[in-house]
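As provided, structure-v1.csv (CSV, C-alpha atoms) reads as follows.
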chain,number,residue,atom,x,y,z
A,1,ALA,CA,-61.5,-20.9,11.2
A,2,PRO,CA,-60.7,-20.8,14.9
A,3,VAL,CA,-62.4,-18.0,16.8
A,4,VAL,CA,-60.9,-16.2,19.8
A,5,GLN,CA,-63.1,-17.0,22.8
A,6,PRO,CA,-64.3,-14.3,25.3
A,7,ASP,CA,-61.7,-15.5,27.8
A,8,GLY,CA,-58.9,-14.9,25.3
A,9,GLN,CA,-58.5,-18.6,24.3
A,10,LEU,CA,-58.0,-19.6,20.7
A,11,PRO,CA,-58.5,-23.3,20.1
A,12,GLY,CA,-57.4,-25.0,16.8
A,13,ARG,CA,-55.0,-27.4,15.1
A,14,ALA,CA,-52.0,-27.0,12.7
A,15,GLY,CA,-50.7,-29.1,10.0
A,16,ALA,CA,-48.2,-28.3,7.2
A,17,ASP,CA,-45.9,-29.8,4.7
A,18,GLY,CA,-42.5,-28.2,4.4
A,19,ALA,CA,-38.9,-28.3,3.2
A,20,VAL,CA,-35.7,-26.5,4.2
A,21,ALA,CA,-33.5,-25.2,1.3
A,22,ALA,CA,-30.2,-27.1,0.9
A,23,PRO,CA,-28.0,-24.1,2.0
A,24,ASP,CA,-30.0,-23.6,5.1
A,25,ALA,CA,-30.1,-27.3,6.0
A,26,GLU,CA,-26.3,-27.4,5.6
A,27,ARG,CA,-26.0,-24.5,8.1
A,28,LEU,CA,-28.4,-26.1,10.5
A,29,THR,CA,-26.7,-29.4,10.6
A,30,ALA,CA,-23.1,-28.2,10.6
A,31,GLY,CA,-22.7,-28.8,14.3
A,32,LEU,CA,-23.8,-32.4,14.4
A,33,PRO,CA,-21.2,-34.9,15.8
A,34,SER,CA,-20.8,-37.1,12.7
A,35,PRO,CA,-21.1,-36.7,8.9
A,36,GLU,CA,-23.6,-39.6,8.8
A,37,TYR,CA,-26.0,-37.8,11.2
A,38,ALA,CA,-25.5,-34.5,9.3
A,39,ALA,CA,-26.4,-36.2,6.0
A,40,ALA,CA,-29.5,-37.9,7.6
A,41,ALA,CA,-30.7,-34.6,9.1
A,42,ARG,CA,-30.3,-32.8,5.8
A,43,LYS,CA,-32.4,-35.5,4.1
A,44,ALA,CA,-35.0,-35.3,6.8
A,45,LEU,CA,-35.3,-31.5,6.4
A,46,ALA,CA,-35.7,-31.8,2.7
A,47,ASP,CA,-39.3,-33.1,2.9
A,48,PHE,CA,-41.3,-33.2,6.1
A,49,SER,CA,-44.8,-32.8,7.5
A,50,LEU,CA,-45.9,-31.1,10.8
A,51,ASP,CA,-49.0,-32.2,12.7
A,52,ALA,CA,-50.3,-30.4,15.8
A,53,ASP,CA,-53.7,-31.8,16.2
A,54,ASP,CA,-54.9,-30.2,19.5
A,55,LEU,CA,-53.6,-26.6,20.1
A,56,ARG,CA,-54.8,-23.8,22.3
A,57,LEU,CA,-53.5,-20.2,22.5
A,58,GLU,CA,-54.2,-18.0,25.5
A,59,ILE,CA,-53.7,-14.3,24.9
A,60,GLY,CA,-54.2,-11.4,27.3
A,61,GLU,CA,-52.6,-8.9,29.7
A,62,GLY,CA,-49.1,-9.0,28.1
A,63,ARG,CA,-49.1,-12.8,28.2
A,64,VAL,CA,-49.1,-15.4,25.4
A,65,ALA,CA,-49.2,-19.1,26.1
A,66,ALA,CA,-49.5,-22.1,23.8
A,67,PHE,CA,-50.8,-25.5,24.9
A,68,ALA,CA,-51.0,-28.9,23.1
A,69,GLY,CA,-53.5,-31.5,24.2
A,70,LYS,CA,-51.6,-34.1,22.1
A,71,PRO,CA,-47.9,-34.5,21.1
A,72,VAL,CA,-46.7,-32.4,18.2
A,73,THR,CA,-45.1,-34.6,15.5
A,74,LEU,CA,-42.7,-33.8,12.7
A,75,ALA,CA,-42.4,-36.7,10.2
A,76,SER,CA,-40.0,-36.8,7.3
A,77,ALA,CA,-40.2,-38.7,4.0
A,78,SER,CA,-36.7,-40.1,5.0
A,79,GLY,CA,-38.3,-42.0,7.9
A,80,ALA,CA,-37.0,-39.6,10.5
A,81,ARG,CA,-39.6,-38.7,13.2
A,82,ALA,CA,-39.5,-36.1,16.0
A,83,THR,CA,-42.3,-36.1,18.7
A,84,LEU,CA,-42.6,-33.1,21.0
A,85,THR,CA,-44.6,-33.7,24.2
A,86,PRO,CA,-45.2,-30.6,26.3
A,87,GLY,CA,-44.9,-30.8,30.1
A,88,GLY,CA,-48.3,-30.4,31.6
A,89,GLY,CA,-49.7,-29.6,28.2
A,90,ARG,CA,-47.9,-26.2,28.0
A,91,LEU,CA,-45.6,-25.7,25.0
A,92,VAL,CA,-44.6,-22.1,25.8
A,93,GLU,CA,-45.6,-19.1,27.9
A,94,SER,CA,-44.2,-15.7,27.2
A,95,VAL,CA,-44.4,-12.7,29.5
A,96,ASN,CA,-42.5,-9.4,29.3
A,97,GLY,CA,-40.0,-10.8,26.7
A,98,VAL,CA,-39.3,-14.0,28.7
A,99,SER,CA,-40.4,-17.4,27.4
A,100,ARG,CA,-40.4,-20.6,29.3
A,101,GLY,CA,-41.9,-24.1,29.3
A,102,ALA,CA,-41.2,-27.8,29.6
A,103,ALA,CA,-41.2,-30.5,27.0
A,104,THR,CA,-39.8,-33.9,26.0
A,105,LEU,CA,-38.4,-34.4,22.4
A,106,ALA,CA,-38.1,-38.0,21.1
A,107,LEU,CA,-36.1,-38.5,17.9
A,108,SER,CA,-35.8,-41.7,15.8
A,109,GLY,CA,-35.6,-43.2,12.3
A,110,GLY,CA,-34.1,-42.0,9.0
A,111,GLY,CA,-30.5,-42.7,10.0
A,112,LEU,CA,-30.7,-40.4,13.0
A,113,PRO,CA,-29.9,-41.7,16.6
A,114,GLU,CA,-32.7,-42.7,18.9
A,115,LEU,CA,-32.7,-40.1,21.6
A,116,THR,CA,-35.0,-38.6,24.1
A,117,LEU,CA,-34.3,-35.1,25.4
A,118,ALA,CA,-36.3,-33.8,28.3
A,119,ALA,CA,-36.1,-30.0,29.1
A,120,SER,CA,-37.9,-29.8,32.4
A,121,ASP,CA,-37.9,-26.0,32.8
A,122,TRP,CA,-36.5,-24.1,29.8
A,123,ARG,CA,-36.2,-20.4,29.7
A,124,ALA,CA,-35.4,-18.0,26.8
A,125,ASP,CA,-35.0,-14.3,26.5
A,126,ALA,CA,-32.9,-11.8,24.5
A,127,ARG,CA,-29.7,-13.0,26.2
A,128,GLY,CA,-30.2,-16.7,25.2
A,129,PHE,CA,-31.6,-20.0,26.3
A,130,ALA,CA,-31.0,-22.2,29.4
A,131,SER,CA,-32.6,-25.4,30.8
A,132,PRO,CA,-31.9,-28.4,33.0
A,133,VAL,CA,-32.0,-31.4,30.6
A,134,THR,CA,-31.9,-35.1,30.6
A,135,LEU,CA,-30.7,-36.9,27.5
A,136,THR,CA,-31.3,-40.7,27.1
A,137,GLY,CA,-30.3,-42.9,24.2
A,138,ALA,CA,-27.4,-44.1,22.1
A,139,LEU,CA,-25.4,-42.4,19.4
A,140,ASP,CA,-22.1,-42.6,17.5
A,141,VAL,CA,-19.4,-39.9,17.9
A,142,PRO,CA,-16.4,-40.9,15.9
A,143,PRO,CA,-14.2,-42.7,16.7
A,144,ALA,CA,-16.6,-44.1,19.4
A,145,GLN,CA,-19.7,-46.2,18.4
A,146,GLY,CA,-22.7,-47.1,20.4
A,147,ILE,CA,-22.4,-44.6,23.2
A,148,SER,CA,-25.3,-45.1,25.6
A,149,ALA,CA,-26.2,-43.3,28.8
A,150,THR,CA,-28.7,-41.2,30.7
A,151,ILE,CA,-27.1,-37.8,31.0
A,152,LYS,CA,-28.4,-35.0,33.3
A,153,GLY,CA,-27.1,-31.5,33.3
A,154,GLN,CA,-27.6,-27.8,32.3
A,155,ALA,CA,-27.8,-26.7,28.7
A,156,ARG,CA,-27.2,-23.1,27.7
A,157,ALA,CA,-27.1,-21.2,24.3
A,158,ALA,CA,-26.0,-17.6,24.0
A,159,GLY,CA,-24.1,-15.5,21.5
A,160,GLY,CA,-23.8,-18.4,19.0
A,161,VAL,CA,-22.3,-20.7,21.5
A,162,PHE,CA,-23.9,-23.8,23.0
A,163,ASP,CA,-22.6,-25.6,26.1
A,164,PHE,CA,-23.7,-28.4,28.3
A,165,ARG,CA,-22.5,-29.1,31.9
A,166,LEU,CA,-23.0,-32.4,33.7
A,167,ALA,CA,-24.9,-32.4,36.9
A,168,GLY,CA,-22.8,-35.2,38.3
A,169,CYS,CA,-20.9,-38.4,37.5
A,170,THR,CA,-22.7,-40.5,34.9
A,171,PRO,CA,-22.2,-44.2,33.9
A,172,VAL,CA,-21.6,-44.5,30.2
A,173,LYS,CA,-21.3,-47.6,28.0
A,174,VAL,CA,-19.4,-47.6,24.7
A,175,ALA,CA,-19.9,-50.5,22.2
A,176,ALA,CA,-16.6,-49.9,20.5
A,177,ILE,CA,-13.8,-47.4,19.8
A,178,GLU,CA,-12.0,-47.6,16.5
A,179,ALA,CA,-8.3,-48.1,16.7
A,180,GLY,CA,-6.0,-45.5,15.4
A,181,GLU,CA,-4.1,-47.8,13.1
A,182,VAL,CA,-5.5,-49.5,10.0
A,183,GLY,CA,-6.0,-53.2,10.7
A,184,GLU,CA,-6.1,-52.9,14.4
A,185,ARG,CA,-9.1,-54.4,16.2
A,186,PRO,CA,-11.4,-51.8,17.9
A,187,ILE,CA,-11.6,-51.7,21.6
A,188,GLN,CA,-15.0,-53.1,22.6
A,189,ASP,CA,-17.5,-53.2,25.5
A,190,ILE,CA,-16.3,-50.2,27.5
A,191,ALA,CA,-17.9,-49.1,30.7
A,192,LEU,CA,-16.9,-45.9,32.5
A,193,ASP,CA,-18.0,-43.1,34.7
A,194,VAL,CA,-17.9,-39.6,33.1
A,195,CYS,CA,-17.7,-36.8,35.7
A,196,PRO,CA,-17.9,-33.0,35.5
A,197,ALA,CA,-14.7,-31.0,34.8
A,198,ALA,CA,-14.2,-27.3,35.2
A,199,ALA,CA,-15.1,-26.7,31.6
A,200,PRO,CA,-18.5,-27.8,30.0
A,201,LEU,CA,-18.8,-31.4,29.0
A,202,VAL,CA,-19.7,-30.2,25.5
A,203,ARG,CA,-19.2,-26.8,23.8
A,204,VAL,CA,-20.2,-26.1,20.2
A,205,ALA,CA,-19.2,-22.9,18.5
A,206,ASN,CA,-18.8,-22.1,14.8
A,207,GLY,CA,-19.6,-25.7,13.9
A,208,ARG,CA,-16.7,-27.0,16.1
A,209,TRP,CA,-17.3,-29.5,19.0
A,210,GLU,CA,-15.2,-29.5,22.1
A,211,ALA,CA,-15.6,-32.0,25.0
A,212,GLN,CA,-14.0,-32.3,28.4
A,213,ALA,CA,-14.7,-34.6,31.3
A,214,ARG,CA,-12.8,-36.7,33.8

Show the structure stored in the file as C-alpha coordinates.
Amino acid sequence: APVVQPDGQLPGRAGADGAVAAPDAERLTAGLPSPEYAAAARKALADFSLDADDLRLEIGEGRVAAFAGKPVTLASASGARATLTPGGGRLVESVNGVSRGAATLALSGGGLPELTLAASDWRADARGFASPVTLTGALDVPPAQGISATIKGQARAAGGVFDFRLAGCTPVKVAAIEAGEVGERPIQDIALDVCPAAAPLVRVANGRWEAQAR
(Lines of atoms letter the chains of each structure in order from A and count residues from 1; the text may use other names and numbers.)
(Lines give C-alpha, C1' and ligand atoms only; values in the text may rest on other atoms or scores of the structure.)
Protein backbone atom coordinates (compact mmCIF):
# COMPACT_ATOMS: atom_id res chain seq x y z
CA ALA A 1 0.00 0.00 0.00
CA PRO A 2 1.20 3.56 -0.65
CA VAL A 3 2.92 5.22 2.31
CA VAL A 4 2.87 8.92 3.08
CA GLN A 5 6.41 10.24 2.80
CA PRO A 6 7.94 12.58 5.42
CA ASP A 7 7.45 15.51 3.05
CA GLY A 8 3.70 14.83 2.87
CA GLN A 9 3.79 13.14 -0.54
CA LEU A 10 1.77 10.00 -1.24
CA PRO A 11 2.79 8.16 -4.44
CA GLY A 12 0.62 5.46 -5.99
CA ARG A 13 -1.66 4.38 -8.83
CA ALA A 14 -5.39 3.86 -9.24
CA GLY A 15 -7.39 1.49 -11.37
CA ALA A 16 -11.03 0.49 -11.21
CA ASP A 17 -13.91 -0.99 -13.17
CA GLY A 18 -17.23 0.77 -12.89
CA ALA A 19 -20.73 1.37 -14.15
CA VAL A 20 -23.26 4.16 -13.77
CA ALA A 21 -26.85 3.11 -13.00
CA ALA A 22 -29.28 3.75 -15.86
CA PRO A 23 -31.30 6.51 -14.10
CA ASP A 24 -28.11 8.38 -13.21
CA ALA A 25 -26.71 7.96 -16.73
CA GLU A 26 -29.99 9.33 -18.12
CA ARG A 27 -29.67 12.41 -15.93
CA LEU A 28 -25.98 12.94 -16.74
CA THR A 29 -26.53 12.76 -20.50
CA ALA A 30 -29.75 14.79 -20.66
CA GLY A 31 -27.97 17.95 -21.79
CA LEU A 32 -26.11 16.46 -24.77
CA PRO A 33 -26.93 18.09 -28.14
CA SER A 34 -28.25 15.01 -29.97
CA PRO A 35 -30.12 11.80 -29.08
CA GLU A 36 -27.37 9.76 -30.75
CA TYR A 37 -24.67 11.21 -28.51
CA ALA A 38 -26.86 10.77 -25.44
CA ALA A 39 -27.41 7.09 -26.26
CA ALA A 40 -23.67 6.55 -26.92
CA ALA A 41 -22.76 8.25 -23.65
CA ARG A 42 -25.23 6.13 -21.67
CA LYS A 43 -23.77 2.99 -23.24
CA ALA A 44 -20.23 4.15 -22.40
CA LEU A 45 -21.18 4.80 -18.77
CA ALA A 46 -22.72 1.33 -18.42
CA ASP A 47 -19.32 -0.45 -18.38
CA PHE A 48 -15.96 1.30 -18.12
CA SER A 49 -12.51 1.04 -16.58
CA LEU A 50 -10.32 3.76 -15.08
CA ASP A 51 -6.53 3.70 -15.22
CA ALA A 52 -4.35 6.25 -13.44
CA ASP A 53 -0.94 4.62 -13.55
CA ASP A 54 1.28 7.28 -11.95
CA LEU A 55 -0.34 9.42 -9.26
CA ARG A 56 1.07 11.54 -6.46
CA LEU A 57 -0.71 13.38 -3.67
CA GLU A 58 0.78 16.23 -1.71
CA ILE A 59 -0.88 17.05 1.61
CA GLY A 60 0.06 19.68 4.15
CA GLU A 61 -0.61 23.14 5.60
CA GLY A 62 -4.21 23.29 4.38
CA ARG A 63 -3.26 22.32 0.83
CA VAL A 64 -4.07 19.19 -1.14
CA ALA A 65 -2.63 18.65 -4.63
CA ALA A 66 -2.85 15.71 -7.02
CA PHE A 67 -0.34 15.09 -9.82
CA ALA A 68 -0.31 12.53 -12.64
CA GLY A 69 2.92 11.53 -14.34
CA LYS A 70 0.97 9.85 -17.14
CA PRO A 71 -2.42 10.59 -18.73
CA VAL A 72 -5.47 9.25 -16.90
CA THR A 73 -7.65 7.09 -19.14
CA LEU A 74 -11.28 6.03 -18.99
CA ALA A 75 -12.07 3.24 -21.48
CA SER A 76 -15.53 1.82 -22.06
CA ALA A 77 -16.63 -1.57 -23.37
CA SER A 78 -18.59 0.40 -25.99
CA GLY A 79 -15.33 1.60 -27.56
CA ALA A 80 -15.54 5.10 -26.13
CA ARG A 81 -12.35 6.47 -24.63
CA ALA A 82 -11.53 9.59 -22.65
CA THR A 83 -7.94 10.62 -21.94
CA LEU A 84 -7.17 13.31 -19.36
CA THR A 85 -3.71 14.90 -19.59
CA PRO A 86 -2.93 17.32 -16.76
CA GLY A 87 -1.17 20.58 -17.54
CA GLY A 88 2.30 20.46 -16.05
CA GLY A 89 1.41 17.18 -14.39
CA ARG A 90 -0.95 18.82 -11.86
CA LEU A 91 -4.49 17.46 -11.88
CA VAL A 92 -5.83 19.65 -9.09
CA GLU A 93 -4.68 21.85 -6.22
CA SER A 94 -7.06 22.83 -3.41
CA VAL A 95 -6.39 25.58 -0.86
CA ASN A 96 -8.96 27.19 1.46
CA GLY A 97 -11.94 25.79 -0.41
CA VAL A 98 -10.70 26.85 -3.85
CA SER A 99 -9.58 24.21 -6.38
CA ARG A 100 -7.74 24.92 -9.59
CA GLY A 101 -5.68 23.20 -12.25
CA ALA A 102 -5.13 22.74 -15.97
CA ALA A 103 -5.89 19.75 -18.19
CA THR A 104 -6.69 18.53 -21.68
CA LEU A 105 -9.48 16.00 -22.26
CA ALA A 106 -9.57 13.98 -25.49
CA LEU A 107 -12.75 12.07 -26.36
CA SER A 108 -13.24 9.50 -29.13
CA GLY A 109 -14.92 6.24 -30.16
CA GLY A 110 -18.11 4.45 -29.22
CA GLY A 111 -20.38 6.71 -31.25
CA LEU A 112 -19.20 9.86 -29.48
CA PRO A 113 -17.70 12.84 -31.34
CA GLU A 114 -13.92 13.17 -31.60
CA LEU A 115 -13.21 16.25 -29.52
CA THR A 116 -10.32 17.75 -27.60
CA LEU A 117 -11.10 20.16 -24.78
CA ALA A 118 -8.28 22.13 -23.15
CA ALA A 119 -9.01 23.95 -19.87
CA SER A 120 -5.88 26.01 -19.38
CA ASP A 121 -6.65 27.46 -15.93
CA TRP A 122 -9.83 26.10 -14.37
CA ARG A 123 -11.07 27.23 -10.98
CA ALA A 124 -13.83 25.82 -8.79
CA ASP A 125 -15.25 26.86 -5.43
CA ALA A 126 -18.59 26.82 -3.61
CA ARG A 127 -20.02 29.29 -6.14
CA GLY A 128 -19.23 27.19 -9.23
CA PHE A 129 -16.67 26.51 -11.93
CA ALA A 130 -14.96 28.73 -14.51
CA SER A 131 -12.17 28.31 -17.04
CA PRO A 132 -10.79 29.58 -20.32
CA VAL A 133 -11.23 26.68 -22.76
CA THR A 134 -10.30 25.66 -26.29
CA LEU A 135 -12.50 23.08 -28.04
CA THR A 136 -11.25 21.39 -31.22
CA GLY A 137 -12.99 18.74 -33.29
CA ALA A 138 -16.17 17.91 -35.16
CA LEU A 139 -19.68 17.03 -34.05
CA ASP A 140 -23.28 16.90 -35.18
CA VAL A 141 -25.92 19.21 -33.71
CA PRO A 142 -29.23 18.59 -35.51
CA PRO A 143 -30.10 19.79 -38.06
CA ALA A 144 -26.39 20.47 -38.76
CA GLN A 145 -23.93 17.66 -39.50
CA GLY A 146 -20.14 17.74 -39.41
CA ILE A 147 -19.61 21.02 -37.57
CA SER A 148 -15.83 21.50 -37.32
CA ALA A 149 -13.92 24.34 -35.66
CA THR A 150 -11.39 25.38 -33.08
CA ILE A 151 -13.38 27.43 -30.58
CA LYS A 152 -11.85 29.52 -27.80
CA GLY A 153 -13.73 31.18 -24.99
CA GLN A 154 -14.77 31.17 -21.34
CA ALA A 155 -16.82 28.39 -19.74
CA ARG A 156 -18.77 28.82 -16.53
CA ALA A 157 -21.05 26.58 -14.46
CA ALA A 158 -23.01 27.82 -11.46
CA GLY A 159 -26.42 27.21 -9.95
CA GLY A 160 -27.22 24.36 -12.33
CA VAL A 161 -26.56 26.53 -15.42
CA PHE A 162 -23.66 26.14 -17.85
CA ASP A 163 -22.69 28.81 -20.35
CA PHE A 164 -19.89 29.40 -22.82
CA ARG A 165 -18.86 32.77 -24.27
CA LEU A 166 -16.69 33.13 -27.37
CA ALA A 167 -13.38 34.95 -27.06
CA GLY A 168 -13.67 36.28 -30.63
CA CYS A 169 -14.89 35.51 -34.14
CA THR A 170 -14.26 31.89 -35.12
CA PRO A 171 -14.19 30.21 -38.57
CA VAL A 172 -16.62 27.28 -38.66
CA LYS A 173 -17.24 24.67 -41.35
CA VAL A 174 -20.47 22.69 -41.62
CA ALA A 175 -20.65 19.60 -43.84
CA ALA A 176 -24.42 19.77 -44.26
CA ILE A 177 -27.63 21.20 -42.85
CA GLU A 178 -30.78 19.16 -43.33
CA ALA A 179 -33.55 20.90 -45.22
CA GLY A 180 -36.78 21.60 -43.43
CA GLU A 181 -38.98 19.85 -45.99
CA VAL A 182 -39.01 16.12 -46.67
CA GLY A 183 -37.33 15.33 -49.97
CA GLU A 184 -35.34 18.55 -50.18
CA ARG A 185 -31.60 18.23 -50.58
CA PRO A 186 -29.46 19.34 -47.63
CA ILE A 187 -27.37 22.48 -47.85
CA GLN A 188 -23.74 21.34 -48.06
CA ASP A 189 -20.18 22.61 -47.55
CA ILE A 190 -20.90 25.75 -45.56
CA ALA A 191 -18.15 28.04 -44.26
CA LEU A 192 -18.88 30.95 -41.96
CA ASP A 193 -17.49 33.08 -39.15
CA VAL A 194 -19.26 32.83 -35.80
CA CYS A 195 -18.83 35.96 -33.65
CA PRO A 196 -19.75 36.74 -30.04
CA ALA A 197 -23.16 38.20 -29.23
CA ALA A 198 -24.36 39.86 -26.04
CA ALA A 199 -25.62 36.49 -24.77
CA PRO A 200 -23.43 33.38 -24.37
CA LEU A 201 -22.79 31.26 -27.46
CA VAL A 202 -24.22 28.26 -25.57
CA ARG A 203 -26.37 28.12 -22.44
CA VAL A 204 -27.56 24.83 -20.92
CA ALA A 205 -30.14 24.75 -18.13
CA ASN A 206 -32.55 21.99 -17.11
CA GLY A 207 -31.46 19.88 -20.08
CA ARG A 208 -32.33 22.63 -22.55
CA TRP A 209 -29.79 24.11 -24.98
CA GLU A 210 -29.84 27.71 -26.18
CA ALA A 211 -27.36 29.19 -28.69
CA GLN A 212 -26.79 32.74 -29.89
CA ALA A 213 -24.14 34.20 -32.18
CA ARG A 214 -23.79 36.56 -35.10

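By all atoms listed in the file, and with residues fewer than 2 positions from range 10-19 of chain A along its chain excluded, the set lying at most 6 Å from it is Pro2, Val4, Leu45, Ala46, Asp47, Phe48, Ser49, Leu50, Asp51, Ala52, Asp53, Asp54, Leu55, Arg56 and Leu57 of chain A.
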
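We find CA of Lys173 in chain A and CA of Ala205 in chain A to be spaced 26.5 Å apart.
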
Range 10-46 of chain A residues near range 138-148 of chain A within 9 Å, closest pair each, using only C-alpha atoms, as a tab-separated table:
residue	atom	partner	partner_atom	distance
A:Pro33	CA	A:Val141	CA	5.7
A:Ser34	CA	A:Val141	CA	6.1
A:Tyr37	CA	A:Asp140	CA	8.8

Item to complete: Would you list the residues near (-30.0, -12.4, 23.1) (no more than 7 Å away, in the coordinates of the file, using all atoms listed in the file) as JSON, numbers by chain?
Response: {"A": [125, 126, 127, 128, 158, 159]}

Go ahead and save the picked residues with C-alpha atoms, as a PDB file, in the frame of the given file.
ATOM      1  CA  ASP A 125     -35.000 -14.300  26.500  1.00  0.00           C
ATOM      2  CA  ALA A 126     -32.900 -11.800  24.500  1.00  0.00           C
ATOM      3  CA  ARG A 127     -29.700 -13.000  26.200  1.00  0.00           C
ATOM      4  CA  GLY A 128     -30.200 -16.700  25.200  1.00  0.00           C
ATOM      5  CA  ALA A 158     -26.000 -17.600  24.000  1.00  0.00           C
ATOM      6  CA  GLY A 159     -24.100 -15.500  21.500  1.00  0.00           C
TER       7      GLY A 159
END

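The coordinates place CA of Ala211 in chain A at 14.9 Å from CA of Arg156 in chain A.
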
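Omitting Thr104 in chain A and its sequence neighbours fewer than 3 positions away, and counting only C-alpha atoms, the residues within 9 Å are Thr83, Leu84, Thr85, Pro86, Gly87, Thr116, Leu117, Ala118, Ala119 and Ser120 of chain A.
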
Discussion item. Could you list, as a ChimeraX atom specification, every residue within 12 Å of Val161 in chain A, counting only C-alpha atoms and ignoring same-chain residues fewer than 2 positions away?
Written reply: /A:31,127-130,155-159,163-164,200,202-210

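Proximity of A:Lys43, A:Arg81, A:Arg123, A:Arg90 to Glu58 in chain A, computed with all atoms listed in the file, is greatest for A:Arg90.
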
Using the file's own x, y and z axes, what box holds all listed atoms of range 78-89 of chain A with 3 Å on each side, keeping edges along x, y and z, and what are its centre and edge lengths in Å to one decimal, as AutoDock Vina command-line options?
--center_x -43.2 --center_y -35.8 --center_z 18.3 --size_x 19.0 --size_y 18.4 --size_z 32.6
